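J.: One structure coming up, written as structure tokens, with questions to follow.
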Amino acid sequence: MNGSALYCPDSQRSILGSLLLDNGLMGIVELTPEDFSGTPDRAIYQVMLDKWAEGEPFDPVTIAASLNGQLDSFGGVAYLGTLIDGAVADAGLIKANVKIVRDSFKLRRLAWFAEDLAKRTGDPKANPEHLIAKVEKVISSLRSDCHAQPSRLPELLKLSDVEARDVAWLWQPYLALGMLGMLSGDPGAGKTWISMAIAAALTVGRVPYSGQQCEPMHVLYLSVENSPEYVLRPRFDRLEGDSSRFHILRGSISSNGRNPAHGSVKLSDIQLLHDSLQKTKARLLIVDPIQSYLGADVDAHRSNETRPVLDGLARLAEEHHACILLVRHFAKSPTGRAIHRGLGSIDLTGAVRTELHAGTVDDQRAMAQAKSNLGQLGKSLGYAIEGDGSFRWTGESEFTAGDFQEAESNSEQRTDIEMAREYLQVALANGAVRVKELEAGTEIHPRTLRRASKKLEVKRTRDGENGPFLWALR
């Protein structure tokens with residue numbers, strides 16, 4: 001136990017001195033007080049942990065005050081000064097010292113255990129099976145790095161330390177920088193056209209729709225549904241975008257000697273997305289559609305599975321000060337509020353700061369803002385997709401996201417009622433029929449049949465005083 005490897009005062013003091021100069025280094029020093037040898041260093045680190053957990057800064061004065069004279073036998077505040085003399089600023093050196101301290105603790109523990117084991121084996125009444133179990137337990141603990149899972153401490157932030165800032169907009173009030181946005185709509189509604197129009201305008205330094213000048217930006221695009229050759233490039237050229245600023249993330253490449261392996265991309269691949277944004281310096285990342293990139297292990301309808309993915313994307317957007325626009329399909333049934341219309345968990349809508357809907361009312365297309373956590377909803381914007389394959393904004397629109405919902409609902413209802421009317425006209429062509437027979441002869445909902453019967457002004461009678469109900473054409 002007297003070996004020099006069992007004790008590392010220089011490394012301990014270097015760590016403590018570095019923490020005194022920069023409290024923020026606590027985030028990379030994953031040690032416990034027990035890892036330190038010697039009463040003063042262990043006590044000092046314990047005070048540091050307590051201060052850090054409470055969100056309070058610490059320095060030699062506050063440390064000395066918290067120890068209430070315990071440092072007197074070791075030189076008082078002057079001892080803390082010697083710690084600062086050994087401080088280092090390089091994170092790599094600090095981590096190296098952390099490893100030295102942790103390894104020394106394990107060696108000390110082995111030495112203590114060896115002494116204890118020697119005493120126990122010298123006892124004639126010792127049970128060898130119990131001793132073997134104890135050895136296995138200690139070895140297992142040491143192999144797991146003893147303190148590989150240090151105590152978790154709360155990371156606290158006082159609101160008084162936060163500086164209020166205005167929202168930085170990519171396209172006010174529809175899309176914000178550093179945050180998530182979403183564009184939802186039915187297949188064929190023009191979601192890809194809208195996202196491409198936004199991207200094209202930004203790449204040439206124009207604000208989407210208004211055309212006002214802004215700084216030209218790079219765009220990163222993810223899509224497995226749209227071919228770069230047959231869809232993206234022709235559309236982007238028609239929109240007069242700068243294709244040199246439009247980057248397509250097609251997948252991943254793993255270096256494997258002469259045979260590199262090509263892989264897919266998932267939204268949980270945060271490091272890959274981080275590297276892509278860093279390399280392209282993109283301010284807008286478009287995912288078209290989100291369902292293609294969640295991965296087979298994530299159910300879009302389960303918030304406990306989608307939320308971790310979205311939280312990772314939110315941190316990524318904030319880190320790169322970029323807007324991440326998620327394109328999503330609508331669910332088939334237009335029920336409930338418009339904000340609930342998107343395919344998948346409602347948590348998808350909850351995670352984004354703004355959501356746009358693309359839809360059609362009376363053959364007129366429009367993009368409407370359905371949600372904003374950043375201010376008032378923006379005005380709806382009309383757009384047209386011409387027969388020659390071109391896109392253009394048509395001006396402000398009076399339609400809302402709720403209008404798309406109602407139009408789709410009415411459209412489906414009209415289609416169902418028309419089918420029911422045709423069925424009744426054929427079924428009742430030869431005379432009155434029992435209502436139950438009519439309902440049993442089709443998959444059309446009975447309520448829809450009744451609504452259709454009113455449209456046809458069907459005559460309702462009964463077969464006898466208490467007999468079954470009959471329907472007949474007038």
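Identifiers for the structure tokens are assigned positionally: chains receive A, B, ... in sequence, residues are indexed from 1 per chain, and ligands are indexed from 1 in the order shown.
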I need the helix (DSSP H, G or I) residues of range 75-225 of chain A per DSSP on the backbone, written as number ranges by chain.

T.: A: 77-85, 91-121, 128-143, 159-161, 191-203

J.: From a DSSP pass on the backbone, collect the residues of range 45-293 of chain A flagged as strand (DSSP E or B) and hand them back as a ChimeraX atom specification.

T.: /A:169-171,175-176,180-185,206,213,218-222,246-248,252-254,261-263,282-287

J.: Kindly give the distance, in Å, that separates CA of Phe236 in chain A and CA of Gln172 in chain A, rounded to a single decimal.

T.: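 It comes out at 22.4 Å.
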
J.: Extract, using only C-alpha atoms, all DNA, RNA and protein residues at most 12 Å from Glu305 in chain A, discarding same-chain residues fewer than 6 positions from it, and format them as an mmCIF file with C-alpha atoms, in the first residue's frame.

T.:
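Everything below was put into part.cif:
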data_model
loop_
_atom_site.group_PDB
_atom_site.id
_atom_site.type_symbol
_atom_site.label_atom_id
_atom_site.label_comp_id
_atom_site.auth_asym_id
_atom_site.auth_seq_id
_atom_site.Cartn_x
_atom_site.Cartn_y
_atom_site.Cartn_z
ATOM 1 C CA SER A 268 -31.803 9.723 -34.925
ATOM 2 C CA LEU A 294 -37.980 7.936 -38.524
ATOM 3 C CA GLY A 295 -36.611 4.411 -38.906
ATOM 4 C CA ALA A 296 -38.248 1.002 -38.602
ATOM 5 C CA ASP A 297 -37.809 0.973 -34.820
ATOM 6 C CA VAL A 298 -39.835 4.186 -34.294
ATOM 7 C CA ASP A 299 -43.639 4.122 -34.425
ATOM 8 C CA ASP A 311 -35.784 16.523 -29.084
ATOM 9 C CA GLY A 344 -48.709 10.198 -36.585
ATOM 10 C CA SER A 345 -48.598 11.262 -32.957
ATOM 11 C CA ASP A 347 -46.578 15.057 -30.264
ATOM 12 C CA LEU A 348 -45.128 15.746 -33.737
#

J.: Quick check, in Å to one decimal: how far apart do CA of Val433 in chain A and CA of Phe469 in chain A lie?

T.: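 Distance reported for this atom pair: 8.4 Å.
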
J.: For Glu318 in chain A, find every residue with an atom within 12 Å (counting only C-alpha atoms), except residues of its own chain fewer than 4 positions away, and show them as a list in words.

T.: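 In the requested format, the answer is Val167, Ala168, Ala176, Leu177, Gly178, Met179, Leu180, His274, Leu277, Arg283, Leu284, Asp311, Gly312, Leu313, Ala314, Ala322, Cys323 and Ile324 of chain A.
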
J.: Keeping N, CA and C atoms for every residue in the selection just given, could you write it to a file as a tab-separated table (two decimals), in the first residue's frame?

T.:
chain	number	residue	atom	x	y	z
A	167	VAL	N	-36.94	36.45	-31.54
A	167	VAL	CA	-36.88	35.31	-32.44
A	167	VAL	C	-36.13	35.70	-33.70
A	168	ALA	N	-35.21	34.84	-34.13
A	168	ALA	CA	-34.51	35.04	-35.40
A	168	ALA	C	-35.27	34.27	-36.47
A	176	ALA	N	-38.77	29.74	-38.23
A	176	ALA	CA	-37.78	30.41	-37.39
A	176	ALA	C	-36.46	29.67	-37.41
A	177	LEU	N	-35.37	30.41	-37.31
A	177	LEU	CA	-34.05	29.82	-37.22
A	177	LEU	C	-33.84	29.21	-35.83
A	178	GLY	N	-33.09	28.12	-35.78
A	178	GLY	CA	-32.81	27.46	-34.51
A	178	GLY	C	-33.97	26.66	-33.96
A	179	MET	N	-35.01	26.41	-34.78
A	179	MET	CA	-36.20	25.72	-34.29
A	179	MET	C	-36.75	24.78	-35.35
A	180	LEU	N	-37.72	23.96	-34.94
A	180	LEU	CA	-38.38	23.02	-35.83
A	180	LEU	C	-39.65	23.61	-36.40
A	274	HIS	N	-25.39	16.43	-37.97
A	274	HIS	CA	-24.52	17.51	-37.50
A	274	HIS	C	-23.37	17.74	-38.47
A	277	LEU	N	-24.70	19.41	-41.72
A	277	LEU	CA	-24.98	20.84	-41.57
A	277	LEU	C	-23.69	21.64	-41.44
A	283	ARG	N	-28.64	26.67	-43.64
A	283	ARG	CA	-29.52	27.34	-42.65
A	283	ARG	C	-30.92	26.75	-42.67
A	284	LEU	N	-31.19	25.90	-43.67
A	284	LEU	CA	-32.49	25.24	-43.76
A	284	LEU	C	-32.25	23.77	-44.09
A	311	ASP	N	-36.61	15.76	-30.03
A	311	ASP	CA	-35.78	16.52	-29.08
A	311	ASP	C	-34.35	16.63	-29.60
A	312	GLY	N	-33.84	15.53	-30.17
A	312	GLY	CA	-32.51	15.58	-30.75
A	312	GLY	C	-32.42	16.55	-31.91
A	313	LEU	N	-33.45	16.58	-32.75
A	313	LEU	CA	-33.47	17.52	-33.88
A	313	LEU	C	-33.57	18.96	-33.39
A	314	ALA	N	-34.33	19.19	-32.34
A	314	ALA	CA	-34.46	20.54	-31.79
A	314	ALA	C	-33.12	21.06	-31.30
A	322	ALA	N	-30.19	26.83	-37.34
A	322	ALA	CA	-30.82	26.50	-38.61
A	322	ALA	C	-32.28	26.15	-38.37
A	323	CYS	N	-33.06	26.24	-39.42
A	323	CYS	CA	-34.47	25.81	-39.35
A	323	CYS	C	-34.55	24.41	-39.93
A	324	ILE	N	-35.22	23.51	-39.22
A	324	ILE	CA	-35.45	22.15	-39.72
A	324	ILE	C	-36.94	22.04	-40.05

J.: Contacts of range 420-431 of chain A at 9 Å or less, counting only C-alpha atoms, minus same-chain residues fewer than 6 places along, as a list in words?

T.: Leu438, Thr442, Ile444, His445, Thr448, Leu449, Arg450, Arg451, Ala452, Ser453, Lys455, Leu456, Trp471, Ala472 and Leu473 of chain A

J.: I need the residue nearest Ser104 in chain A from this list: A:Pro9, A:Gly76, A:Gly188, A:Pro208. Use only C-alpha atoms for the distance.

T.: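 Of the candidates, the smallest distance to Ser104 in chain A is held by A:Pro9.
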
J.: Find the spatial neighbours of range 25-42 of chain A, counting only C-alpha atoms, within a cut-off of 9 Å - ignore same-chain residues fewer than 6 positions away - and output them as a ChimeraX atom specification.

T.: /A:6-9,12-13,15-16,18-19,48-49,52,70-71,74,91,94-95,98,101-106,147-151

J.: Next, write the just-selected residues to a file, as a PDB file, in the first residue's frame, keeping N, CA and C atoms as the atom set.

T.:
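So selection-v3.pdb came out as:
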ATOM      1  N   LEU A   6      -0.509   4.215  -5.849  1.00  0.00           N
ATOM      2  CA  LEU A   6      -1.739   4.244  -5.064  1.00  0.00           C
ATOM      3  C   LEU A   6      -2.185   5.668  -4.748  1.00  0.00           C
ATOM      4  N   TYR A   7      -1.283   6.609  -4.889  1.00  0.00           N
ATOM      5  CA  TYR A   7      -1.611   7.989  -4.543  1.00  0.00           C
ATOM      6  C   TYR A   7      -1.125   8.906  -5.666  1.00  0.00           C
ATOM      7  N   CYS A   8      -1.912   9.918  -5.967  1.00  0.00           N
ATOM      8  CA  CYS A   8      -1.579  10.824  -7.070  1.00  0.00           C
ATOM      9  C   CYS A   8      -1.932  12.258  -6.666  1.00  0.00           C
ATOM     10  N   PRO A   9      -1.238  12.823  -5.669  1.00  0.00           N
ATOM     11  CA  PRO A   9      -1.598  14.164  -5.180  1.00  0.00           C
ATOM     12  C   PRO A   9      -1.507  15.233  -6.260  1.00  0.00           C
ATOM     13  N   GLN A  12      -4.641  15.040  -8.408  1.00  0.00           N
ATOM     14  CA  GLN A  12      -5.803  15.510  -7.634  1.00  0.00           C
ATOM     15  C   GLN A  12      -5.820  17.027  -7.529  1.00  0.00           C
ATOM     16  N   ARG A  13      -4.677  17.605  -7.188  1.00  0.00           N
ATOM     17  CA  ARG A  13      -4.609  19.053  -6.996  1.00  0.00           C
ATOM     18  C   ARG A  13      -4.770  19.803  -8.316  1.00  0.00           C
ATOM     19  N   ILE A  15      -6.673  18.824 -10.786  1.00  0.00           N
ATOM     20  CA  ILE A  15      -8.121  18.806 -11.066  1.00  0.00           C
ATOM     21  C   ILE A  15      -8.838  19.851 -10.220  1.00  0.00           C
ATOM     22  N   LEU A  16      -8.567  19.864  -8.918  1.00  0.00           N
ATOM     23  CA  LEU A  16      -9.245  20.801  -8.019  1.00  0.00           C
ATOM     24  C   LEU A  16      -8.904  22.244  -8.369  1.00  0.00           C
ATOM     25  N   SER A  18      -8.040  23.400 -11.312  1.00  0.00           N
ATOM     26  CA  SER A  18      -8.711  23.735 -12.577  1.00  0.00           C
ATOM     27  C   SER A  18     -10.184  24.051 -12.343  1.00  0.00           C
ATOM     28  N   LEU A  19     -10.814  23.310 -11.441  1.00  0.00           N
ATOM     29  CA  LEU A  19     -12.226  23.550 -11.129  1.00  0.00           C
ATOM     30  C   LEU A  19     -12.414  24.895 -10.422  1.00  0.00           C
ATOM     31  N   MET A  48     -17.394  21.332  -3.637  1.00  0.00           N
ATOM     32  CA  MET A  48     -17.595  21.699  -5.040  1.00  0.00           C
ATOM     33  C   MET A  48     -18.832  21.018  -5.615  1.00  0.00           C
ATOM     34  N   LEU A  49     -18.992  19.725  -5.328  1.00  0.00           N
ATOM     35  CA  LEU A  49     -20.176  18.994  -5.805  1.00  0.00           C
ATOM     36  C   LEU A  49     -21.461  19.621  -5.266  1.00  0.00           C
ATOM     37  N   TRP A  52     -22.127  22.941  -7.003  1.00  0.00           N
ATOM     38  CA  TRP A  52     -22.514  22.707  -8.396  1.00  0.00           C
ATOM     39  C   TRP A  52     -23.966  22.227  -8.481  1.00  0.00           C
ATOM     40  N   GLN A  70     -11.906  23.576   8.618  1.00  0.00           N
ATOM     41  CA  GLN A  70     -11.310  22.258   8.429  1.00  0.00           C
ATOM     42  C   GLN A  70      -9.966  22.335   7.704  1.00  0.00           C
ATOM     43  N   LEU A  71      -9.742  23.445   6.985  1.00  0.00           N
ATOM     44  CA  LEU A  71      -8.495  23.581   6.239  1.00  0.00           C
ATOM     45  C   LEU A  71      -7.337  24.095   7.091  1.00  0.00           C
ATOM     46  N   PHE A  74      -4.221  22.245   7.315  1.00  0.00           N
ATOM     47  CA  PHE A  74      -3.532  21.985   6.051  1.00  0.00           C
ATOM     48  C   PHE A  74      -3.058  23.282   5.381  1.00  0.00           C
ATOM     49  N   ALA A  91      -8.747  20.581 -21.712  1.00  0.00           N
ATOM     50  CA  ALA A  91      -9.710  19.553 -21.289  1.00  0.00           C
ATOM     51  C   ALA A  91      -9.106  18.161 -21.391  1.00  0.00           C
ATOM     52  N   ILE A  94      -7.055  17.492 -18.332  1.00  0.00           N
ATOM     53  CA  ILE A  94      -7.925  17.279 -17.170  1.00  0.00           C
ATOM     54  C   ILE A  94      -8.494  15.868 -17.185  1.00  0.00           C
ATOM     55  N   LYS A  95      -8.955  15.408 -18.363  1.00  0.00           N
ATOM     56  CA  LYS A  95      -9.491  14.051 -18.453  1.00  0.00           C
ATOM     57  C   LYS A  95      -8.411  13.010 -18.162  1.00  0.00           C
ATOM     58  N   VAL A  98      -8.094  12.855 -14.499  1.00  0.00           N
ATOM     59  CA  VAL A  98      -9.263  12.156 -13.954  1.00  0.00           C
ATOM     60  C   VAL A  98      -9.040  10.646 -14.023  1.00  0.00           C
ATOM     61  N   VAL A 101      -6.553   9.557 -11.316  1.00  0.00           N
ATOM     62  CA  VAL A 101      -7.176   9.534  -9.990  1.00  0.00           C
ATOM     63  C   VAL A 101      -8.077   8.316  -9.848  1.00  0.00           C
ATOM     64  N   ARG A 102      -8.852   8.017 -10.888  1.00  0.00           N
ATOM     65  CA  ARG A 102      -9.772   6.879 -10.812  1.00  0.00           C
ATOM     66  C   ARG A 102      -8.995   5.569 -10.751  1.00  0.00           C
ATOM     67  N   ASP A 103      -7.943   5.442 -11.573  1.00  0.00           N
ATOM     68  CA  ASP A 103      -7.138   4.219 -11.540  1.00  0.00           C
ATOM     69  C   ASP A 103      -6.459   4.045 -10.181  1.00  0.00           C
ATOM     70  N   SER A 104      -5.986   5.150  -9.590  1.00  0.00           N
ATOM     71  CA  SER A 104      -5.348   5.072  -8.277  1.00  0.00           C
ATOM     72  C   SER A 104      -6.331   4.601  -7.224  1.00  0.00           C
ATOM     73  N   PHE A 105      -7.571   5.081  -7.315  1.00  0.00           N
ATOM     74  CA  PHE A 105      -8.591   4.626  -6.366  1.00  0.00           C
ATOM     75  C   PHE A 105      -8.798   3.117  -6.495  1.00  0.00           C
ATOM     76  N   LYS A 106      -8.852   2.608  -7.738  1.00  0.00           N
ATOM     77  CA  LYS A 106      -9.051   1.175  -7.928  1.00  0.00           C
ATOM     78  C   LYS A 106      -7.865   0.371  -7.372  1.00  0.00           C
ATOM     79  N   HIS A 147     -16.928   3.584 -10.550  1.00  0.00           N
ATOM     80  CA  HIS A 147     -17.795   4.773 -10.557  1.00  0.00           C
ATOM     81  C   HIS A 147     -18.133   5.167 -11.986  1.00  0.00           C
ATOM     82  N   ALA A 148     -18.295   4.128 -12.848  1.00  0.00           N
ATOM     83  CA  ALA A 148     -18.645   4.440 -14.240  1.00  0.00           C
ATOM     84  C   ALA A 148     -19.987   5.132 -14.312  1.00  0.00           C
ATOM     85  N   GLN A 149     -20.828   4.915 -13.293  1.00  0.00           N
ATOM     86  CA  GLN A 149     -22.123   5.587 -13.263  1.00  0.00           C
ATOM     87  C   GLN A 149     -22.162   6.508 -12.050  1.00  0.00           C
ATOM     88  N   PRO A 150     -21.522   7.691 -12.114  1.00  0.00           N
ATOM     89  CA  PRO A 150     -21.484   8.591 -10.969  1.00  0.00           C
ATOM     90  C   PRO A 150     -22.872   9.124 -10.637  1.00  0.00           C
ATOM     91  N   SER A 151     -22.992   9.633  -9.450  1.00  0.00           N
ATOM     92  CA  SER A 151     -24.268  10.202  -9.032  1.00  0.00           C
ATOM     93  C   SER A 151     -24.677  11.324  -9.978  1.00  0.00           C
TER      94      SER A 151
END

J.: Kindly indicate which residue among A:Leu183, A:Leu325, A:Ala126, A:Ile132 lies nearest to Glu355 in chain A, using only C-alpha atoms for the distances.

T.: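 The shortest atom-to-atom distance to Glu355 in chain A comes from A:Leu183.
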
J.: For Asp269 in chain A, list every protein, DNA or RNA residue within 12 Å, evaluated using only C-alpha atoms, and leave out those in the same chain fewer than 3 positions away; present the list as JSON, numbers by chain.

T.: {"A": [251, 252, 263, 264, 265, 266, 272, 273, 274, 275, 276, 293, 294, 295, 308, 309, 310, 312, 313, 316]}

J.: Write out the residues from the selection above, keeping N, CA and C atoms, as a tab-separated table (two decimals), in the first residue's frame.

T.:
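again.tsv, freshly written:
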chain	number	residue	atom	x	y	z
A	251	GLY	N	-27.46	9.61	-48.18
A	251	GLY	CA	-27.22	8.49	-47.29
A	251	GLY	C	-25.91	8.67	-46.56
A	252	SER	N	-25.35	7.57	-46.13
A	252	SER	CA	-24.08	7.60	-45.42
A	252	SER	C	-23.08	6.67	-46.11
A	263	GLY	N	-24.97	3.40	-46.63
A	263	GLY	CA	-26.08	3.17	-45.71
A	263	GLY	C	-27.15	4.25	-45.82
A	264	SER	N	-28.23	4.04	-45.11
A	264	SER	CA	-29.34	5.00	-45.12
A	264	SER	C	-29.15	6.04	-44.03
A	265	VAL	N	-30.12	6.95	-43.94
A	265	VAL	CA	-30.09	8.02	-42.95
A	265	VAL	C	-31.36	7.96	-42.12
A	266	LYS	N	-31.23	8.11	-40.81
A	266	LYS	CA	-32.38	8.25	-39.93
A	266	LYS	C	-32.25	9.57	-39.17
A	272	LEU	N	-24.42	12.35	-37.83
A	272	LEU	CA	-24.36	12.44	-39.29
A	272	LEU	C	-25.02	13.74	-39.78
A	273	LEU	N	-26.15	14.08	-39.21
A	273	LEU	CA	-26.84	15.32	-39.58
A	273	LEU	C	-26.01	16.53	-39.15
A	274	HIS	N	-25.39	16.43	-37.97
A	274	HIS	CA	-24.52	17.51	-37.50
A	274	HIS	C	-23.37	17.74	-38.47
A	275	ASP	N	-22.73	16.66	-38.89
A	275	ASP	CA	-21.61	16.79	-39.83
A	275	ASP	C	-22.08	17.37	-41.17
A	276	SER	N	-23.27	16.98	-41.61
A	276	SER	CA	-23.80	17.47	-42.88
A	276	SER	C	-24.09	18.97	-42.82
A	293	TYR	N	-37.89	8.83	-42.64
A	293	TYR	CA	-36.62	8.95	-41.93
A	293	TYR	C	-36.71	8.69	-40.44
A	294	LEU	N	-37.87	8.25	-39.95
A	294	LEU	CA	-37.98	7.94	-38.52
A	294	LEU	C	-37.28	6.63	-38.19
A	295	GLY	N	-37.24	5.70	-39.15
A	295	GLY	CA	-36.61	4.41	-38.91
A	295	GLY	C	-37.64	3.35	-38.54
A	308	PRO	N	-38.08	11.53	-28.39
A	308	PRO	CA	-36.62	11.60	-28.31
A	308	PRO	C	-35.97	12.00	-29.63
A	309	VAL	N	-36.54	11.54	-30.76
A	309	VAL	CA	-36.01	11.91	-32.07
A	309	VAL	C	-36.17	13.41	-32.30
A	310	LEU	N	-37.35	13.93	-32.00
A	310	LEU	CA	-37.62	15.35	-32.21
A	310	LEU	C	-36.81	16.23	-31.27
A	312	GLY	N	-33.84	15.53	-30.17
A	312	GLY	CA	-32.51	15.58	-30.75
A	312	GLY	C	-32.42	16.55	-31.91
A	313	LEU	N	-33.45	16.58	-32.75
A	313	LEU	CA	-33.47	17.52	-33.88
A	313	LEU	C	-33.57	18.96	-33.39
A	316	LEU	N	-30.25	20.05	-32.36
A	316	LEU	CA	-29.42	20.23	-33.56
A	316	LEU	C	-29.73	21.56	-34.24

J.: So, with only C-alpha atoms as the atoms that count, which of A:Ser160, A:Gln376, A:Ser303, A:Thr192 lies closest to Arg235 in chain A?

T.: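 Between A:Ser160, A:Gln376, A:Ser303, A:Thr192, the residue approaching Arg235 in chain A most closely is A:Thr192.
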
J.: What's the separation between CA of Arg245 in chain A and CA of Gln271 in chain A, in Å to one decimal place?

T.: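 Atom-to-atom, CA of Arg245 in chain A and CA of Gln271 in chain A are spaced 21.6 Å apart.
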